[in-house]
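Asks: What follows is work03.csv, made up of CSV, C-alpha atoms:
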chain,number,residue,atom,x,y,z
A,1,MET,CA,-74.8,-52.4,-1.5
A,2,ARG,CA,-74.9,-52.8,2.2
A,3,GLY,CA,-78.2,-51.3,3.3
A,4,PRO,CA,-81.5,-50.2,1.8
A,5,LEU,CA,-81.1,-47.4,-0.8
A,6,ARG,CA,-83.5,-44.7,-1.8
A,7,ILE,CA,-83.6,-43.6,-5.4
A,8,SER,CA,-85.4,-40.5,-6.5
A,9,LEU,CA,-85.8,-38.8,-9.9
A,10,THR,CA,-85.9,-35.0,-10.4
A,11,ARG,CA,-87.1,-33.3,-13.5
A,12,ARG,CA,-87.0,-29.5,-14.0
A,13,TYR,CA,-89.8,-27.7,-15.8
A,14,ARG,CA,-90.4,-24.0,-16.6
A,15,PHE,CA,-93.4,-21.7,-16.9
A,16,ALA,CA,-93.8,-17.9,-17.1
A,17,ALA,CA,-96.6,-16.2,-15.3
A,18,SER,CA,-97.6,-12.9,-13.7
A,19,HIS,CA,-98.9,-12.3,-10.2
A,20,ARG,CA,-99.7,-9.5,-7.7
A,21,LEU,CA,-99.1,-9.9,-4.0
A,22,TYR,CA,-102.1,-8.3,-2.4
A,23,CYS,CA,-104.3,-9.3,0.6
A,24,ALA,CA,-107.8,-7.8,0.3
A,25,ALA,CA,-108.4,-8.3,4.1
A,26,LEU,CA,-105.7,-5.7,4.8
A,27,GLY,CA,-105.7,-2.0,4.2
A,28,GLU,CA,-103.8,-0.3,1.3
A,29,GLU,CA,-101.1,1.0,3.6
A,30,GLU,CA,-100.6,-2.4,5.2
A,31,ASN,CA,-100.4,-4.1,1.8
A,32,ARG,CA,-97.8,-1.5,0.7
A,33,ARG,CA,-95.8,-2.1,3.8
A,34,LEU,CA,-96.0,-5.9,3.5
A,35,TYR,CA,-95.5,-6.4,-0.2
A,36,GLY,CA,-93.8,-3.3,-1.5
A,37,LYS,CA,-93.4,-3.3,-5.2
A,38,CYS,CA,-94.8,-6.8,-5.5
A,39,GLY,CA,-98.2,-5.3,-4.8
A,40,ASN,CA,-98.2,-3.0,-7.9
A,41,PRO,CA,-101.8,-3.1,-9.0
A,42,TYR,CA,-100.9,-4.1,-12.6
A,43,GLY,CA,-99.0,-7.1,-11.5
A,44,HIS,CA,-95.6,-8.3,-12.6
A,45,GLY,CA,-94.1,-11.6,-13.8
A,46,HIS,CA,-91.4,-14.2,-13.4
A,47,ASN,CA,-89.9,-17.1,-15.2
A,48,TYR,CA,-90.5,-19.9,-12.8
A,49,THR,CA,-88.5,-23.1,-12.7
A,50,VAL,CA,-90.2,-26.1,-11.0
A,51,GLU,CA,-88.2,-29.1,-9.8
A,52,VAL,CA,-90.4,-32.2,-9.3
A,53,THR,CA,-88.9,-35.0,-7.3
A,54,VAL,CA,-90.5,-38.5,-7.2
A,55,THR,CA,-89.3,-41.6,-5.5
A,56,GLY,CA,-90.2,-45.3,-5.2
A,57,PRO,CA,-88.9,-48.6,-6.3
A,58,VAL,CA,-87.1,-48.9,-9.6
A,59,ASP,CA,-89.4,-50.7,-12.0
A,60,PRO,CA,-87.5,-53.8,-13.1
A,61,THR,CA,-89.1,-53.7,-16.6
A,62,THR,CA,-88.1,-50.1,-17.4
A,63,GLY,CA,-85.2,-49.4,-14.9
A,64,MET,CA,-87.1,-46.3,-13.9
A,65,VAL,CA,-88.7,-44.8,-10.8
A,66,ALA,CA,-91.0,-42.9,-13.2
A,67,ASN,CA,-91.2,-42.9,-17.0
A,68,LEU,CA,-90.9,-39.4,-18.3
A,69,GLY,CA,-93.4,-40.5,-20.9
A,70,GLU,CA,-95.9,-40.4,-18.1
A,71,LEU,CA,-94.5,-37.7,-15.8
A,72,ASP,CA,-94.0,-35.0,-18.4
A,73,PRO,CA,-97.6,-35.1,-19.7
A,74,PHE,CA,-99.0,-35.3,-16.2
A,75,VAL,CA,-97.0,-32.2,-15.1
A,76,ALA,CA,-98.0,-30.4,-18.3
A,77,ARG,CA,-101.7,-31.1,-17.8
A,78,GLU,CA,-101.8,-30.4,-14.1
A,79,VAL,CA,-99.4,-27.4,-13.8
A,80,LEU,CA,-97.8,-26.1,-17.0
A,81,GLU,CA,-100.9,-25.7,-19.1
A,82,PRO,CA,-102.9,-24.0,-16.4
A,83,PHE,CA,-100.1,-21.8,-15.2
A,84,ASP,CA,-97.9,-20.9,-18.2
A,85,GLN,CA,-98.5,-17.4,-19.6
A,86,LYS,CA,-101.3,-16.7,-17.1
A,87,TYR,CA,-102.1,-14.1,-14.5
A,88,LEU,CA,-102.1,-16.4,-11.5
A,89,ASN,CA,-104.5,-14.1,-9.4
A,90,GLU,CA,-107.3,-14.3,-11.9
A,91,GLU,CA,-106.7,-17.4,-14.0
A,92,VAL,CA,-105.8,-20.1,-11.5
A,93,GLY,CA,-108.8,-20.7,-9.2
A,94,GLN,CA,-106.8,-21.2,-6.0
A,95,PHE,CA,-105.4,-17.7,-6.1
A,96,ARG,CA,-108.7,-15.9,-6.3
A,97,ASP,CA,-108.7,-16.4,-2.5
A,98,GLU,CA,-105.1,-17.0,-1.6
A,99,VAL,CA,-102.1,-14.6,-2.2
A,100,PRO,CA,-100.0,-16.2,-5.0
A,101,THR,CA,-96.7,-15.9,-3.1
A,102,THR,CA,-94.3,-18.6,-4.3
A,103,GLU,CA,-94.8,-20.4,-1.0
A,104,ASN,CA,-98.5,-20.8,-1.9
A,105,VAL,CA,-97.7,-21.5,-5.6
A,106,CYS,CA,-95.3,-24.2,-4.4
A,107,ARG,CA,-97.9,-25.8,-2.1
A,108,GLU,CA,-100.6,-25.6,-4.8
A,109,ILE,CA,-98.3,-27.4,-7.3
A,110,TYR,CA,-97.5,-30.1,-4.7
A,111,ARG,CA,-101.3,-30.6,-4.3
A,112,ARG,CA,-101.8,-30.9,-8.0
A,113,LEU,CA,-99.0,-33.4,-8.5
A,114,ARG,CA,-99.4,-35.6,-5.4
A,115,GLY,CA,-101.9,-37.8,-7.3
A,116,PHE,CA,-99.2,-38.9,-9.8
A,117,PRO,CA,-100.1,-42.5,-10.1
A,118,SER,CA,-96.8,-44.1,-11.0
A,119,ALA,CA,-94.4,-42.9,-8.2
A,120,CYS,CA,-94.5,-41.1,-4.9
A,121,LEU,CA,-94.2,-37.3,-5.0
A,122,GLU,CA,-91.3,-36.5,-2.7
A,123,LYS,CA,-90.9,-32.7,-3.1
A,124,VAL,CA,-91.6,-29.7,-5.2
A,125,ARG,CA,-89.0,-26.9,-5.4
A,126,ILE,CA,-89.6,-23.7,-7.2
A,127,GLU,CA,-87.2,-21.0,-8.2
A,128,GLU,CA,-89.1,-17.7,-8.6
A,129,THR,CA,-85.8,-16.0,-9.6
A,130,SER,CA,-82.3,-17.3,-9.5
A,131,ASN,CA,-82.0,-15.8,-6.0
A,132,ASN,CA,-85.3,-17.1,-4.4
A,133,SER,CA,-86.3,-20.7,-4.1
A,134,PHE,CA,-89.0,-22.5,-2.2
A,135,GLU,CA,-89.5,-26.2,-1.3
A,136,PHE,CA,-92.5,-28.1,-0.1
A,137,ALA,CA,-92.5,-31.8,0.8
A,138,GLY,CA,-96.0,-32.2,2.2
A,139,GLU,CA,-97.4,-31.2,5.5
A,140,SER,CA,-95.7,-34.0,7.3
A,141,GLY,CA,-92.3,-33.3,5.6
A,142,ALA,CA,-92.9,-29.6,6.3
A,143,ALA,CA,-90.0,-28.5,4.1
A,144,LEU,CA,-91.4,-25.2,3.1
A,145,GLU,CA,-88.4,-22.9,3.2
A,146,ARG,CA,-87.2,-19.7,1.7
A,147,ALA,CA,-83.6,-19.6,0.6
A,148,GLU,CA,-82.5,-16.0,-0.3
B,1,MET,CA,-71.5,-33.2,10.5
B,2,ILE,CA,-70.1,-31.7,7.2
B,3,ARG,CA,-71.1,-32.8,3.7
B,4,VAL,CA,-68.4,-32.5,1.0
B,5,THR,CA,-69.3,-32.8,-2.7
B,6,ARG,CA,-67.1,-33.4,-5.6
B,7,LYS,CA,-68.2,-33.2,-9.2
B,8,LEU,CA,-67.1,-35.3,-12.2
B,9,GLU,CA,-68.2,-34.9,-15.8
B,10,PHE,CA,-68.2,-37.8,-18.3
B,11,SER,CA,-69.7,-38.5,-21.7
B,12,ALA,CA,-71.2,-41.8,-22.7
B,13,ALA,CA,-73.7,-43.4,-25.1
B,14,HIS,CA,-76.7,-45.6,-24.2
B,15,PHE,CA,-80.1,-46.7,-25.3
B,16,TYR,CA,-83.1,-48.2,-23.5
B,17,HIS,CA,-84.2,-51.7,-24.6
B,18,ASN,CA,-85.8,-54.5,-22.6
B,19,PRO,CA,-85.2,-57.8,-24.5
B,20,ASN,CA,-88.1,-59.4,-22.7
B,21,LEU,CA,-90.6,-57.0,-24.4
B,22,SER,CA,-91.7,-56.8,-28.1
B,23,ALA,CA,-90.3,-54.1,-30.4
B,24,ASP,CA,-93.6,-52.3,-30.2
B,25,GLU,CA,-93.7,-52.4,-26.4
B,26,ASN,CA,-90.1,-51.1,-26.3
B,27,ARG,CA,-91.0,-48.2,-28.6
B,28,ARG,CA,-94.1,-47.4,-26.5
B,29,LEU,CA,-92.2,-47.4,-23.2
B,30,PHE,CA,-89.0,-45.8,-24.2
B,31,GLY,CA,-89.8,-43.7,-27.3
B,32,LYS,CA,-86.8,-42.2,-29.0
B,33,CYS,CA,-84.5,-43.5,-26.2
B,34,ASN,CA,-85.1,-47.0,-27.8
B,35,ASN,CA,-83.2,-46.0,-31.0
B,36,PRO,CA,-81.0,-49.1,-31.4
B,37,HIS,CA,-78.0,-47.1,-32.6
B,38,GLY,CA,-77.9,-45.3,-29.2
B,39,HIS,CA,-77.5,-41.7,-28.3
B,40,GLY,CA,-75.3,-39.9,-25.8
B,41,HIS,CA,-75.2,-37.4,-22.9
B,42,ASN,CA,-72.7,-35.3,-21.0
B,43,TYR,CA,-73.3,-36.7,-17.6
B,44,THR,CA,-72.5,-34.7,-14.4
B,45,LEU,CA,-71.9,-36.8,-11.3
B,46,GLU,CA,-72.0,-35.2,-7.8
B,47,VAL,CA,-70.7,-37.4,-5.0
B,48,THR,CA,-71.3,-36.3,-1.5
B,49,VAL,CA,-69.4,-37.6,1.5
B,50,ALA,CA,-70.5,-36.8,5.1
B,51,GLY,CA,-68.5,-36.9,8.2
B,52,GLU,CA,-66.7,-34.9,10.9
B,53,PRO,CA,-63.5,-33.0,9.9
B,54,ASP,CA,-60.3,-34.6,11.2
B,55,PRO,CA,-59.0,-32.3,13.9
B,56,THR,CA,-55.5,-32.5,12.5
B,57,THR,CA,-56.1,-31.9,8.8
B,58,GLY,CA,-59.5,-30.0,9.1
B,59,MET,CA,-60.8,-32.4,6.3
B,60,VAL,CA,-63.6,-34.9,6.2
B,61,LEU,CA,-61.6,-36.6,3.6
B,62,ASP,CA,-58.8,-35.6,1.2
B,63,LEU,CA,-60.6,-34.3,-2.0
B,64,LYS,CA,-57.5,-35.3,-4.0
B,65,GLU,CA,-58.1,-38.9,-2.9
B,66,LEU,CA,-61.8,-38.6,-3.7
B,67,LYS,CA,-61.0,-37.2,-7.2
B,68,GLU,CA,-58.7,-40.2,-7.8
B,69,ILE,CA,-61.4,-42.7,-6.6
B,70,LEU,CA,-63.9,-41.0,-9.0
B,71,GLN,CA,-61.4,-41.1,-11.8
B,72,ARG,CA,-60.6,-44.8,-11.3
B,73,GLU,CA,-64.1,-46.1,-10.4
B,74,VAL,CA,-66.3,-44.0,-12.7
B,75,ALA,CA,-64.4,-42.1,-15.4
B,76,GLU,CA,-62.2,-45.0,-16.5
B,77,ARG,CA,-65.2,-47.3,-16.6
B,78,MET,CA,-67.8,-45.0,-18.2
B,79,ASP,CA,-66.2,-42.0,-19.9
B,80,HIS,CA,-66.5,-42.3,-23.7
B,81,ARG,CA,-68.0,-45.7,-23.4
B,82,HIS,CA,-71.3,-47.3,-24.5
B,83,LEU,CA,-73.0,-48.0,-21.2
B,84,ASN,CA,-75.1,-50.9,-22.5
B,85,TYR,CA,-72.1,-52.8,-23.9
B,86,GLU,CA,-68.9,-51.6,-22.2
B,87,VAL,CA,-69.7,-51.2,-18.6
B,88,PRO,CA,-69.9,-54.7,-17.0
B,89,GLU,CA,-72.0,-53.4,-14.0
B,90,LEU,CA,-74.6,-52.1,-16.4
B,91,VAL,CA,-74.7,-54.9,-18.9
B,92,GLY,CA,-78.1,-56.5,-18.7
B,93,LYS,CA,-79.6,-53.5,-17.0
B,94,ILE,CA,-81.4,-50.6,-18.6
B,95,PRO,CA,-78.9,-47.7,-18.2
B,96,THR,CA,-81.4,-45.1,-16.8
B,97,CYS,CA,-80.2,-42.4,-14.5
B,98,GLU,CA,-81.8,-44.4,-11.6
B,99,ASN,CA,-79.7,-47.5,-12.4
B,100,ILE,CA,-76.5,-45.5,-13.1
B,101,ALA,CA,-76.9,-43.8,-9.7
B,102,ALA,CA,-77.3,-47.2,-7.9
B,103,VAL,CA,-74.4,-48.7,-9.8
B,104,ILE,CA,-72.1,-45.8,-9.0
B,105,TRP,CA,-73.2,-46.0,-5.3
B,106,ALA,CA,-72.2,-49.7,-5.2
B,107,LEU,CA,-68.9,-48.9,-6.8
B,108,LEU,CA,-68.0,-46.0,-4.5
B,109,GLU,CA,-69.5,-47.1,-1.2
B,110,PRO,CA,-66.7,-49.6,-0.3
B,111,LYS,CA,-64.0,-47.3,-1.5
B,112,ILE,CA,-64.9,-44.4,0.8
B,113,THR,CA,-62.9,-45.1,4.0
B,114,LYS,CA,-63.1,-41.6,5.6
B,115,GLY,CA,-66.5,-40.2,6.2
B,116,ARG,CA,-69.4,-42.1,4.6
B,117,LEU,CA,-71.0,-41.9,1.2
B,118,ASP,CA,-74.1,-39.7,1.7
B,119,ARG,CA,-75.5,-39.1,-1.8
B,120,VAL,CA,-74.8,-40.0,-5.5
B,121,ARG,CA,-76.5,-37.5,-7.9
B,122,ILE,CA,-76.2,-38.1,-11.6
B,123,TYR,CA,-77.4,-35.5,-14.1
B,124,GLU,CA,-78.2,-36.8,-17.6
B,125,SER,CA,-79.0,-33.2,-18.6
B,126,PRO,CA,-79.4,-30.0,-16.5
B,127,ASP,CA,-83.2,-30.8,-16.3
B,128,LEU,CA,-83.0,-34.4,-15.3
B,129,PHE,CA,-81.2,-36.1,-12.5
B,130,ALA,CA,-81.4,-39.1,-10.1
B,131,ASP,CA,-80.3,-39.3,-6.5
B,132,CYS,CA,-79.2,-42.4,-4.6
B,133,THR,CA,-79.1,-42.2,-0.8
B,134,ALA,CA,-78.9,-44.6,2.0
B,135,SER,CA,-82.3,-44.5,3.7
B,136,PRO,CA,-83.9,-46.6,6.5
B,137,ASN,CA,-87.1,-46.2,4.5
B,138,GLY,CA,-85.5,-47.1,1.2
B,139,VAL,CA,-85.8,-50.2,-0.9
B,140,ARG,CA,-83.2,-52.9,-1.1
B,141,LEU,CA,-82.3,-53.0,-4.8
B,142,LYS,CA,-82.3,-56.4,-6.4
B,143,GLU,CA,-79.2,-57.6,-8.1
B,144,GLY,CA,-79.3,-58.3,-11.8
B,145,ARG,CA,-81.8,-56.6,-14.1
B,146,SER,CA,-83.4,-53.7,-12.3
Using structure tokens, write down the structure from this file.
Replies:
Amino acid sequence: MRGPLRISLTRRYRFAASHRLYCAALGEEENRRLYGKCGNPYGHGHNYTVEVTVTGPVDPTTGMVANLGELDPFVAREVLEPFDQKYLNEEVGQFRDEVPTTENVCREIYRRLRGFPSACLEKVRIEETSNNSFEFAGESGAALERAE
Amino acid sequence: MIRVTRKLEFSAAHFYHNPNLSADENRRLFGKCNNPHGHGHNYTLEVTVAGEPDPTTGMVLDLKELKEILQREVAERMDHRHLNYEVPELVGKIPTCENIAAVIWALLEPKITKGRLDRVRIYESPDLFADCTASPNGVRLKEGRS
């Protein structure tokens, strides 16, 4: 090994939730123009896949960057339990005031996970469908992107 | 710069155990991965090489050559082996994805003579993988148990 190496660990999780893209500050017509069928007043749902990437030194005792025995329950408590089988607009506080686009969901999940105590959160990537994915690596990393 | 990625699948057995810890502590840290009889995975390795395409061949490197390197350095060492006992580079280490990625990096890095090794990604399952990359902000991995 010639130079310094970076090791990261990525774990994929799944949740299903409904949402509606609607901005109360805009008129009905503007909402229809912006969000199309995503603004249907009854909402609609997705099977979301979340990839959580953490990095840091490999613990010599465990051989791990992060023990899944700690990461899995942390992600379950912070994200999966509050989000799974929920209507994001009404049941996740952040989205009472913010449109639950997957960009915003991605950033909210990053915020909820960045306090993981055992390793450094590097990135959150969400697949809203198999065609749309979104990444956020923090404000300084600024890796919010849409890949359609 | 172009990145070229080649995949390799192999199957191997392993278990997690740190002999410096008590049986109870091993069970607490590693859960069912501590089962002394071991268990196995179908691993998928993705090796990425970065470089400029050669103006004559249009290639960063010959993928046939990369395939042979992966076969020789990784498949022949690890496929249908018990990683704890049969892979010298992993003996004495806990064969986590993180450590396997670092070991494969060390095996491949000197063998890549066209382009440079950019990333080693090892999937233990479709839902869990580790990446090893060269990084100015990275940590220098210690030799021996890590």
Asks: Would you give me, as a ChimeraX atom specification, the residues of chain A that come within 8 Å of chain B, using all atoms listed in the file?
Replies: /A:1,3-13,56-65,67,69
Asks: Residues near Leu61 of chain B, anyone? I mean within 10 Å using all atoms listed in the file, not counting same-chain ones fewer than 6 positions away, as JSON, numbers by chain.
Replies: {"B": [4, 49, 50, 51, 52, 53, 54, 112, 113, 114, 115, 116]}
Asks: Which distance in Å separates atom CA of Lys123 of chain A and atom CA of Tyr110 of chain A, to one decimal?
Replies: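 Separating atom CA of Lys123 of chain A from atom CA of Tyr110 of chain A is a distance of 7.3 Å.
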Asks: Mind pulling up the distance from atom CA of Tyr87 of chain A to atom CA of Pro41 of chain A?
Replies: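 Straight-line distance from atom CA of Pro41 of chain A to atom CA of Tyr87 of chain A works out to 12.3 Å.
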Asks: Identify which of the residues B:Ser11, B:Gly38, B:Gly92, B:Cys33 lies closest to Ala75 of chain B, counting all atoms listed in the file when measuring atom-to-atom distances.
Replies: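 Of the candidates, the smallest distance to Ala75 of chain B is held by B:Ser11.
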Asks: Please work out which residues fall within 12 Å of (-72.4, -53.1, -25.2), coordinates as given in the file, with all atoms listed in the file counting, and return them as a list in words.
Replies: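 Residues close enough to count: Ala12, Ala13, His14, Phe15, Tyr16, His17, Pro36, His37, Gly38, Met78, Arg81, His82, Leu83, Asn84, Tyr85, Glu86, Val87, Pro88, Glu89, Leu90, Val91, Gly92, Lys93, Ile94 and Pro95 of chain B.
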Asks: Work out how far atom CA of Asn89 of chain A is from atom CA of Leu26 of chain A, in Å to one decimal.
Replies: 16.5 Å
Asks: Compare B:Leu66, B:Val74, B:Ile104, B:Val60 by their minimum atom-to-atom distance to Met1 of chain B, counting all atoms listed in the file, and give me the closest one.
Replies: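 With all atoms listed in the file as the atom set, the closest residue is B:Val60.
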Asks: Might you pull out every residue within 12 Å of Tyr42 of chain A, with all atoms listed in the file counted and same-chain residues fewer than 5 positions away left off, and present them as a PyMOL selection string?
Replies: chain A and resi 18-22+37+87+89
Asks: Quick one: residues within 12 Å of segment 133-137 of chain A, only C-alpha atoms, excluding same-chain residues fewer than 6 positions away - as a short mmCIF file (atom, residue, chain, number, x, y, z; two decimals) with C-alpha atoms, in the coordinates of the input?
Replies:
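Written output follows (result_9.cif):
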data_model
loop_
_atom_site.label_atom_id
_atom_site.label_comp_id
_atom_site.auth_asym_id
_atom_site.auth_seq_id
_atom_site.Cartn_x
_atom_site.Cartn_y
_atom_site.Cartn_z
CA TYR A 48 -90.50 -19.90 -12.80
CA THR A 49 -88.50 -23.10 -12.70
CA VAL A 50 -90.20 -26.10 -11.00
CA GLU A 51 -88.20 -29.10 -9.80
CA VAL A 52 -90.40 -32.20 -9.30
CA THR A 53 -88.90 -35.00 -7.30
CA VAL A 54 -90.50 -38.50 -7.20
CA THR A 101 -96.70 -15.90 -3.10
CA THR A 102 -94.30 -18.60 -4.30
CA GLU A 103 -94.80 -20.40 -1.00
CA ASN A 104 -98.50 -20.80 -1.90
CA VAL A 105 -97.70 -21.50 -5.60
CA CYS A 106 -95.30 -24.20 -4.40
CA ARG A 107 -97.90 -25.80 -2.10
CA GLU A 108 -100.60 -25.60 -4.80
CA ILE A 109 -98.30 -27.40 -7.30
CA TYR A 110 -97.50 -30.10 -4.70
CA ARG A 111 -101.30 -30.60 -4.30
CA LEU A 113 -99.00 -33.40 -8.50
CA ARG A 114 -99.40 -35.60 -5.40
CA CYS A 120 -94.50 -41.10 -4.90
CA LEU A 121 -94.20 -37.30 -5.00
CA GLU A 122 -91.30 -36.50 -2.70
CA LYS A 123 -90.90 -32.70 -3.10
CA VAL A 124 -91.60 -29.70 -5.20
CA ARG A 125 -89.00 -26.90 -5.40
CA ILE A 126 -89.60 -23.70 -7.20
CA GLU A 127 -87.20 -21.00 -8.20
CA ALA A 143 -90.00 -28.50 4.10
CA LEU A 144 -91.40 -25.20 3.10
CA GLU A 145 -88.40 -22.90 3.20
CA ARG A 146 -87.20 -19.70 1.70
CA ALA A 147 -83.60 -19.60 0.60
CA GLU A 148 -82.50 -16.00 -0.30
#
